[in-house]
Structure formats: structure tokens, C-alpha cells
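Structure file data-v4.cif with mmCIF, N, CA and C atoms:
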```
data_model
#
loop_
_atom_site.label_atom_id
_atom_site.label_comp_id
_atom_site.auth_asym_id
_atom_site.auth_seq_id
_atom_site.Cartn_x
_atom_site.Cartn_y
_atom_site.Cartn_z
N MET A 6 74.09 -26.92 -73.25
CA MET A 6 73.77 -25.59 -72.75
C MET A 6 73.81 -25.54 -71.23
N GLY A 7 73.41 -26.64 -70.56
CA GLY A 7 73.37 -26.67 -69.11
C GLY A 7 74.74 -26.53 -68.48
N LYS A 8 75.76 -27.16 -69.10
CA LYS A 8 77.11 -27.07 -68.57
C LYS A 8 77.63 -25.64 -68.65
N LEU A 9 77.33 -24.98 -69.77
CA LEU A 9 77.80 -23.61 -69.95
C LEU A 9 77.22 -22.70 -68.87
N VAL A 10 75.96 -22.87 -68.54
CA VAL A 10 75.31 -22.06 -67.50
C VAL A 10 75.97 -22.32 -66.14
N VAL A 11 76.25 -23.58 -65.83
CA VAL A 11 76.88 -23.91 -64.55
C VAL A 11 78.27 -23.30 -64.47
N TYR A 12 79.05 -23.42 -65.53
CA TYR A 12 80.40 -22.86 -65.53
C TYR A 12 80.37 -21.33 -65.44
N PHE A 13 79.45 -20.71 -66.15
CA PHE A 13 79.33 -19.26 -66.10
C PHE A 13 78.91 -18.80 -64.70
N ARG A 14 77.97 -19.50 -64.10
CA ARG A 14 77.52 -19.16 -62.75
C ARG A 14 78.66 -19.29 -61.75
N SER A 15 79.47 -20.33 -61.89
CA SER A 15 80.60 -20.53 -60.99
C SER A 15 81.65 -19.44 -61.17
N ALA A 16 81.90 -19.05 -62.42
CA ALA A 16 82.86 -17.98 -62.67
C ALA A 16 82.36 -16.66 -62.09
N CYS A 17 81.08 -16.38 -62.23
CA CYS A 17 80.50 -15.16 -61.66
C CYS A 17 80.59 -15.16 -60.14
N LEU A 18 80.36 -16.32 -59.54
CA LEU A 18 80.45 -16.44 -58.09
C LEU A 18 81.87 -16.17 -57.62
N LEU A 19 82.84 -16.67 -58.35
CA LEU A 19 84.24 -16.47 -57.99
C LEU A 19 84.63 -15.00 -58.12
N VAL A 20 84.19 -14.34 -59.19
CA VAL A 20 84.48 -12.92 -59.36
C VAL A 20 83.82 -12.10 -58.26
N MET A 21 82.57 -12.42 -57.94
CA MET A 21 81.87 -11.71 -56.87
C MET A 21 82.58 -11.89 -55.53
N LEU A 22 83.03 -13.11 -55.27
CA LEU A 22 83.74 -13.40 -54.03
C LEU A 22 85.03 -12.60 -53.95
N PHE A 23 85.80 -12.56 -55.03
CA PHE A 23 87.04 -11.81 -55.05
C PHE A 23 86.78 -10.32 -54.84
N LEU A 24 85.79 -9.77 -55.54
CA LEU A 24 85.46 -8.34 -55.40
C LEU A 24 84.97 -8.01 -54.00
N GLN A 25 84.16 -8.92 -53.41
CA GLN A 25 83.68 -8.69 -52.05
C GLN A 25 84.84 -8.67 -51.06
N SER A 26 85.76 -9.59 -51.20
CA SER A 26 86.91 -9.64 -50.30
C SER A 26 87.78 -8.40 -50.47
N LEU A 27 88.00 -7.98 -51.71
CA LEU A 27 88.79 -6.79 -51.97
C LEU A 27 88.10 -5.55 -51.40
N PHE A 28 86.79 -5.45 -51.60
CA PHE A 28 86.03 -4.31 -51.07
C PHE A 28 86.10 -4.28 -49.54
N LEU A 29 85.90 -5.42 -48.90
CA LEU A 29 85.92 -5.45 -47.44
C LEU A 29 87.32 -5.14 -46.90
N LYS A 30 88.35 -5.59 -47.58
CA LYS A 30 89.72 -5.29 -47.15
C LYS A 30 89.99 -3.80 -47.24
N MET A 31 89.61 -3.18 -48.35
CA MET A 31 89.82 -1.74 -48.50
C MET A 31 88.97 -0.96 -47.51
N LEU A 32 87.73 -1.39 -47.31
CA LEU A 32 86.85 -0.71 -46.39
C LEU A 32 87.34 -0.83 -44.95
N SER A 33 87.95 -1.96 -44.61
CA SER A 33 88.46 -2.13 -43.25
C SER A 33 89.60 -1.17 -42.95
N ILE A 34 90.31 -0.74 -43.98
CA ILE A 34 91.39 0.24 -43.79
C ILE A 34 90.79 1.64 -43.62
N VAL A 35 89.77 1.95 -44.42
CA VAL A 35 89.17 3.28 -44.40
C VAL A 35 88.23 3.46 -43.21
N SER A 36 87.35 2.48 -42.98
CA SER A 36 86.33 2.60 -41.92
C SER A 36 86.09 1.24 -41.25
N PRO A 37 86.87 0.91 -40.24
CA PRO A 37 86.70 -0.38 -39.56
C PRO A 37 85.31 -0.58 -38.95
N LYS A 38 84.69 0.49 -38.47
CA LYS A 38 83.37 0.36 -37.84
C LYS A 38 82.31 -0.01 -38.88
N LEU A 39 82.37 0.59 -40.05
CA LEU A 39 81.42 0.27 -41.11
C LEU A 39 81.63 -1.17 -41.60
N THR A 40 82.90 -1.58 -41.69
CA THR A 40 83.20 -2.95 -42.09
C THR A 40 82.61 -3.94 -41.10
N LYS A 41 82.75 -3.64 -39.81
CA LYS A 41 82.19 -4.52 -38.78
C LYS A 41 80.67 -4.60 -38.91
N LYS A 42 80.03 -3.47 -39.16
CA LYS A 42 78.58 -3.44 -39.31
C LYS A 42 78.14 -4.30 -40.50
N ILE A 43 78.84 -4.18 -41.63
CA ILE A 43 78.51 -4.96 -42.82
C ILE A 43 78.71 -6.45 -42.56
N LEU A 44 79.83 -6.81 -41.95
CA LEU A 44 80.11 -8.23 -41.69
C LEU A 44 79.13 -8.83 -40.69
N LEU A 45 78.69 -8.04 -39.72
CA LEU A 45 77.68 -8.54 -38.78
C LEU A 45 76.35 -8.79 -39.49
N LYS A 46 76.02 -7.94 -40.47
CA LYS A 46 74.81 -8.17 -41.27
C LYS A 46 74.93 -9.46 -42.08
N ILE A 47 76.11 -9.68 -42.67
CA ILE A 47 76.35 -10.93 -43.40
C ILE A 47 76.23 -12.11 -42.44
N GLY A 48 76.76 -11.97 -41.24
CA GLY A 48 76.67 -13.03 -40.23
C GLY A 48 75.25 -13.32 -39.80
N GLU A 49 74.40 -12.31 -39.75
CA GLU A 49 72.99 -12.52 -39.39
C GLU A 49 72.29 -13.36 -40.45
N ARG A 50 72.58 -13.08 -41.72
CA ARG A 50 71.95 -13.86 -42.79
C ARG A 50 72.43 -15.30 -42.79
N ALA A 51 73.65 -15.52 -42.34
CA ALA A 51 74.20 -16.88 -42.30
C ALA A 51 73.99 -17.52 -40.93
N THR A 52 73.28 -16.86 -40.04
CA THR A 52 72.97 -17.30 -38.66
C THR A 52 74.23 -17.52 -37.81
N MET A 53 75.36 -16.99 -38.23
CA MET A 53 76.59 -17.13 -37.44
C MET A 53 76.49 -16.36 -36.13
N THR A 54 75.82 -15.21 -36.16
CA THR A 54 75.75 -14.37 -34.97
C THR A 54 74.80 -14.95 -33.92
N GLN A 55 74.02 -15.96 -34.27
CA GLN A 55 73.10 -16.56 -33.29
C GLN A 55 73.81 -17.54 -32.36
N ASN A 56 74.99 -17.99 -32.73
CA ASN A 56 75.75 -18.91 -31.90
C ASN A 56 76.56 -18.09 -30.90
N PRO A 57 76.30 -18.24 -29.60
CA PRO A 57 77.00 -17.41 -28.62
C PRO A 57 78.50 -17.70 -28.53
N ARG A 58 78.94 -18.86 -29.02
CA ARG A 58 80.37 -19.17 -28.96
C ARG A 58 81.17 -18.49 -30.07
N PHE A 59 80.49 -18.02 -31.11
CA PHE A 59 81.18 -17.32 -32.19
C PHE A 59 81.31 -15.85 -31.81
N LYS A 60 82.49 -15.33 -31.92
CA LYS A 60 82.73 -13.91 -31.69
C LYS A 60 83.09 -13.28 -33.03
N TYR A 61 82.75 -12.04 -33.17
CA TYR A 61 83.05 -11.32 -34.40
C TYR A 61 84.54 -11.41 -34.74
N GLU A 62 85.37 -11.27 -33.74
CA GLU A 62 86.82 -11.28 -33.95
C GLU A 62 87.32 -12.63 -34.45
N ASP A 63 86.55 -13.70 -34.21
CA ASP A 63 86.97 -15.04 -34.63
C ASP A 63 86.74 -15.30 -36.11
N TRP A 64 85.59 -14.88 -36.63
CA TRP A 64 85.25 -15.25 -38.01
C TRP A 64 85.25 -14.10 -39.00
N ALA A 65 84.98 -12.88 -38.60
CA ALA A 65 84.84 -11.77 -39.54
C ALA A 65 86.11 -11.46 -40.33
N PRO A 66 87.28 -11.42 -39.72
CA PRO A 66 88.48 -11.10 -40.53
C PRO A 66 88.79 -12.14 -41.60
N SER A 67 88.25 -13.33 -41.48
CA SER A 67 88.56 -14.37 -42.47
C SER A 67 87.99 -14.06 -43.85
N PHE A 68 86.96 -13.21 -43.93
CA PHE A 68 86.37 -12.85 -45.23
C PHE A 68 87.34 -12.06 -46.10
N CYS A 69 88.35 -11.45 -45.50
CA CYS A 69 89.29 -10.61 -46.25
C CYS A 69 90.61 -11.33 -46.52
N ARG A 70 90.72 -12.58 -46.21
CA ARG A 70 91.99 -13.28 -46.36
C ARG A 70 92.01 -14.14 -47.60
N LEU A 71 93.21 -14.36 -48.12
CA LEU A 71 93.40 -15.18 -49.31
C LEU A 71 93.00 -16.64 -49.04
N VAL A 72 93.18 -17.09 -47.82
CA VAL A 72 92.82 -18.47 -47.46
C VAL A 72 91.33 -18.70 -47.68
N PHE A 73 90.51 -17.71 -47.36
CA PHE A 73 89.07 -17.81 -47.56
C PHE A 73 88.74 -17.98 -49.04
N ILE A 74 89.38 -17.16 -49.88
CA ILE A 74 89.13 -17.24 -51.32
C ILE A 74 89.58 -18.60 -51.85
N LYS A 75 90.75 -19.08 -51.41
CA LYS A 75 91.24 -20.37 -51.86
C LYS A 75 90.32 -21.51 -51.43
N THR A 76 89.77 -21.43 -50.22
CA THR A 76 88.86 -22.46 -49.73
C THR A 76 87.58 -22.49 -50.55
N VAL A 77 87.00 -21.33 -50.78
CA VAL A 77 85.77 -21.26 -51.58
C VAL A 77 86.05 -21.72 -53.01
N LEU A 78 87.18 -21.33 -53.57
CA LEU A 78 87.55 -21.77 -54.91
C LEU A 78 87.64 -23.30 -54.97
N GLY A 79 88.21 -23.91 -53.94
CA GLY A 79 88.29 -25.37 -53.89
C GLY A 79 86.92 -26.02 -53.87
N HIS A 80 85.98 -25.45 -53.11
CA HIS A 80 84.62 -25.99 -53.05
C HIS A 80 83.90 -25.82 -54.39
N ILE A 81 84.10 -24.67 -55.02
CA ILE A 81 83.47 -24.44 -56.33
C ILE A 81 84.02 -25.44 -57.34
N TRP A 82 85.33 -25.63 -57.36
CA TRP A 82 85.96 -26.55 -58.30
C TRP A 82 85.45 -27.97 -58.09
N LYS A 83 85.34 -28.38 -56.81
CA LYS A 83 84.87 -29.73 -56.52
C LYS A 83 83.39 -29.90 -56.91
N SER A 84 82.59 -28.88 -56.68
CA SER A 84 81.16 -28.99 -56.99
C SER A 84 80.90 -29.01 -58.49
N LEU A 85 81.82 -28.47 -59.29
CA LEU A 85 81.63 -28.53 -60.74
C LEU A 85 81.58 -29.96 -61.23
N ALA A 86 82.36 -30.83 -60.60
CA ALA A 86 82.38 -32.23 -61.01
C ALA A 86 81.16 -33.00 -60.52
N GLU A 87 80.39 -32.41 -59.61
CA GLU A 87 79.26 -33.11 -59.04
C GLU A 87 77.92 -32.66 -59.61
N ASP A 88 77.93 -31.78 -60.57
CA ASP A 88 76.67 -31.34 -61.18
C ASP A 88 76.18 -32.38 -62.17
N ALA A 89 74.88 -32.60 -62.17
CA ALA A 89 74.26 -33.57 -63.09
C ALA A 89 73.59 -32.82 -64.24
N PHE A 90 73.69 -33.39 -65.43
CA PHE A 90 73.09 -32.78 -66.61
C PHE A 90 72.25 -33.81 -67.33
N VAL A 91 71.13 -33.36 -67.91
CA VAL A 91 70.22 -34.24 -68.63
C VAL A 91 70.96 -34.86 -69.82
N GLY A 92 70.84 -36.17 -69.95
CA GLY A 92 71.45 -36.87 -71.06
C GLY A 92 72.91 -37.23 -70.86
N GLU A 93 73.50 -36.82 -69.76
CA GLU A 93 74.91 -37.11 -69.46
C GLU A 93 74.99 -38.17 -68.36
N ARG A 94 76.16 -38.74 -68.19
CA ARG A 94 76.37 -39.68 -67.08
C ARG A 94 76.21 -38.98 -65.74
N ALA A 95 75.73 -39.70 -64.78
CA ALA A 95 75.61 -39.15 -63.43
C ALA A 95 77.00 -38.91 -62.86
N PRO A 96 77.16 -37.89 -62.04
CA PRO A 96 78.48 -37.66 -61.45
C PRO A 96 78.84 -38.78 -60.48
N ASP A 97 80.11 -39.07 -60.39
CA ASP A 97 80.58 -40.15 -59.52
C ASP A 97 80.82 -39.60 -58.12
N THR A 98 79.74 -39.33 -57.41
CA THR A 98 79.83 -38.73 -56.09
C THR A 98 80.11 -39.78 -55.02
N ALA A 99 80.62 -39.31 -53.92
CA ALA A 99 80.89 -40.20 -52.79
C ALA A 99 79.58 -40.57 -52.09
N VAL A 100 79.46 -41.83 -51.69
CA VAL A 100 78.29 -42.31 -50.96
C VAL A 100 78.77 -43.18 -49.80
N ILE A 101 77.88 -43.37 -48.84
CA ILE A 101 78.17 -44.24 -47.70
C ILE A 101 77.18 -45.39 -47.73
N THR A 102 77.67 -46.60 -47.66
CA THR A 102 76.80 -47.78 -47.71
C THR A 102 76.10 -47.96 -46.38
N LEU A 103 75.14 -48.88 -46.36
CA LEU A 103 74.44 -49.18 -45.10
C LEU A 103 75.39 -49.74 -44.04
N GLU A 104 76.49 -50.32 -44.49
CA GLU A 104 77.48 -50.86 -43.56
C GLU A 104 78.43 -49.77 -43.05
N GLY A 105 78.29 -48.55 -43.55
CA GLY A 105 79.14 -47.44 -43.13
C GLY A 105 80.41 -47.30 -43.93
N LYS A 106 80.54 -48.06 -45.00
CA LYS A 106 81.74 -48.01 -45.85
C LYS A 106 81.60 -46.86 -46.86
N ARG A 107 82.68 -46.11 -47.02
CA ARG A 107 82.69 -45.00 -47.99
C ARG A 107 83.10 -45.54 -49.35
N THR A 108 82.30 -45.24 -50.37
CA THR A 108 82.58 -45.68 -51.73
C THR A 108 82.07 -44.62 -52.68
N ASN A 109 82.02 -44.92 -53.97
CA ASN A 109 81.48 -43.96 -54.93
C ASN A 109 80.26 -44.55 -55.64
N LEU A 110 79.50 -43.69 -56.27
CA LEU A 110 78.24 -44.09 -56.89
C LEU A 110 78.44 -45.09 -58.03
N HIS A 111 79.46 -44.89 -58.84
CA HIS A 111 79.67 -45.76 -60.00
C HIS A 111 80.07 -47.18 -59.61
N SER A 112 80.47 -47.40 -58.37
CA SER A 112 80.83 -48.77 -57.96
C SER A 112 79.60 -49.67 -57.88
N PHE A 113 78.40 -49.09 -57.86
CA PHE A 113 77.16 -49.87 -57.80
C PHE A 113 76.63 -50.24 -59.19
N MET A 114 77.22 -49.68 -60.23
CA MET A 114 76.73 -49.95 -61.58
C MET A 114 77.19 -51.33 -62.04
N LYS A 115 76.32 -52.00 -62.78
CA LYS A 115 76.60 -53.33 -63.33
C LYS A 115 76.51 -53.25 -64.85
N GLY A 116 77.65 -53.10 -65.51
CA GLY A 116 77.66 -53.04 -66.97
C GLY A 116 76.92 -51.82 -67.49
N ASP A 117 76.04 -52.03 -68.46
CA ASP A 117 75.28 -50.93 -69.06
C ASP A 117 73.89 -50.79 -68.46
N ARG A 118 73.62 -51.54 -67.40
CA ARG A 118 72.29 -51.46 -66.77
C ARG A 118 72.12 -50.12 -66.06
N ALA A 119 70.89 -49.64 -66.05
CA ALA A 119 70.59 -48.38 -65.38
C ALA A 119 70.67 -48.55 -63.87
N LEU A 120 71.12 -47.54 -63.20
CA LEU A 120 71.18 -47.53 -61.74
C LEU A 120 70.09 -46.58 -61.25
N VAL A 121 69.16 -47.09 -60.45
CA VAL A 121 68.05 -46.28 -59.95
C VAL A 121 68.32 -45.94 -58.50
N LEU A 122 68.27 -44.66 -58.17
CA LEU A 122 68.44 -44.20 -56.80
C LEU A 122 67.08 -43.82 -56.25
N SER A 123 66.77 -44.31 -55.08
CA SER A 123 65.51 -43.99 -54.45
C SER A 123 65.79 -43.36 -53.10
N PHE A 124 65.30 -42.14 -52.92
CA PHE A 124 65.49 -41.44 -51.66
C PHE A 124 64.17 -41.44 -50.90
N GLY A 125 64.24 -41.70 -49.63
CA GLY A 125 63.01 -41.73 -48.85
C GLY A 125 63.31 -41.82 -47.37
N SER A 126 62.27 -41.93 -46.61
CA SER A 126 62.39 -41.99 -45.16
C SER A 126 61.45 -43.06 -44.63
N CYS A 127 61.89 -43.76 -43.62
CA CYS A 127 61.07 -44.80 -43.02
C CYS A 127 60.41 -44.35 -41.72
N THR A 128 60.44 -43.06 -41.46
CA THR A 128 59.87 -42.58 -40.20
C THR A 128 58.42 -42.22 -40.36
#
```

Will you turn the file into C-alpha cells for me?
Amino acid sequence: MGKLVVYFRSACLLVMLFLQSLFLKMLSIVSPKLTKKILLKIGERATMTQNPRFKYEDWAPSFCRLVFIKTVLGHIWKSLAEDAFVGERAPDTAVITLEGKRTNLHSFMKGDRALVLSFGSCT
């Protein structure tokens, strides 16, 4: 049941993203000022407008482009493989060793023994 929820949520996110991009593209043709106001509100929630080096003209038009949809789709597709489910194998995510070497999580497994991950801080 957990996988179905994750896949459904991802599909809904993709549809919402496509509709938002389509809406913003159509709105930019009809009322560019209203489109700018909406995108600046989106930027405030994402704290993009707090960075003085970001200009509206640099990032706002990207929300209406196909490249943006393709990029988000790629991230959604990649994250589907990284979701963990109760009773299933852990996802084989990328990790960095203490030596700075990039590897994957399953490379630390030894046969059928359980692999325990401990997260913490020494500060």
C-alpha cells in the first residue's frame, strides 16, 4: 500500500506541475504584470527573492519552460527509487565514506546480515 501512495503522490505532483506551468504561460500572455506578481509570491515562499543576486528576470521565466518540467520530472523519477518501505529492502542510495569516497549503501552489506545505520552528531 505504501508504494501505491508514493506513486500516486508523485503522479499528482507531476500533473500539478504541468498545469501550473501551463497556467503561468497562458497568464503571461494575457497579463504579464499579474504573472510577475504571482511568481514573486512563489519566490518569497521559496526565499529566492531574499537573495539580492537573484533577479526576477533570471529565474521567473524558467517556471514556464519545458526544461523546468523535464528537470523536475527527472528528480521525481530519481526519488521514486530512493523511497523506503516497511518490510522491503532499503534503497541503494549514494553515500560518502569517511575517506571521501563515493559509493552506495549496499556495498556495506555482508551477506544476509542486517546493516544498521546510526545518525548522530559529535558536537

Listing only residues of stretch 74-115 of chain A within 7 Å of stretch 12-34 of chain A, what is the closest atom pair and its distance in Å (to one decimal) for each, using all atoms listed in the file, sorted by chain and residue number ascending, as JSON lines?
```
{"residue": "A:Ile74", "atom": "CA", "partner": "A:Leu22", "partner_atom": "C", "distance": 6.7}
{"residue": "A:Leu78", "atom": "CA", "partner": "A:Leu19", "partner_atom": "CA", "distance": 7.0}
{"residue": "A:Ile81", "atom": "CA", "partner": "A:Ser15", "partner_atom": "CA", "distance": 6.7}
```

Inset, instruction - Return as a PyMOL selection string the full set of residues in chain A whose backbone-based DSSP assignment is strand (DSSP E). - result: chain A and resi 99-101+107-109

Inset, instruction - Could you give me, as a ChimeraX atom specification, each residue of stretch 8-118 of chain A that DSSP assigns to alpha helix (DSSP H) when run on this structure's backbone? - result: /A:8-35,37-50,61-64,71-85

Legend entry - One-decimal distance in Å that lies between atom CA of A:Thr108 and atom CA of A:Arg94: 17.6 Å

Legend entry - Pairwise distance for atom CA of A:Val11 and atom C of A:His80, rounded to one decimal in Å: 12.5 Å

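Put simply, atom CA of A:Glu87 is 14.5 Å away from atom CA of A:Leu9.
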
Quick one: 5 Å padding each side, axis-aligned, all listed atoms of stretch 93-111 of chain A - centre and edge lengths in Å to one decimal, as lines of an AutoDock Vina configuration file?
```
center_x = 78.3
center_y = -43.8
center_z = -56.4
size_x = 19.6
size_y = 24.0
size_z = 36.7
```

Inset, instruction - Compile the contact shell of stretch 62-65 of chain A as a list of chain:residue names: residues with an atom at most 8 Å away, counting all atoms listed in the file, same-chain residues fewer than 6 positions apart removed. - result: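 Within the cut-off, the hits are A:Lys41, A:Leu44, A:Leu45.
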
Inset, instruction - Would you kindly translate the PyMOL selection byres (((chain A and resi 111 and name CA) around 10) and name CA) into the concrete residues it picks from this file, as a ChimeraX atom specification? - result: /A:94-100,108-110,112-115,120
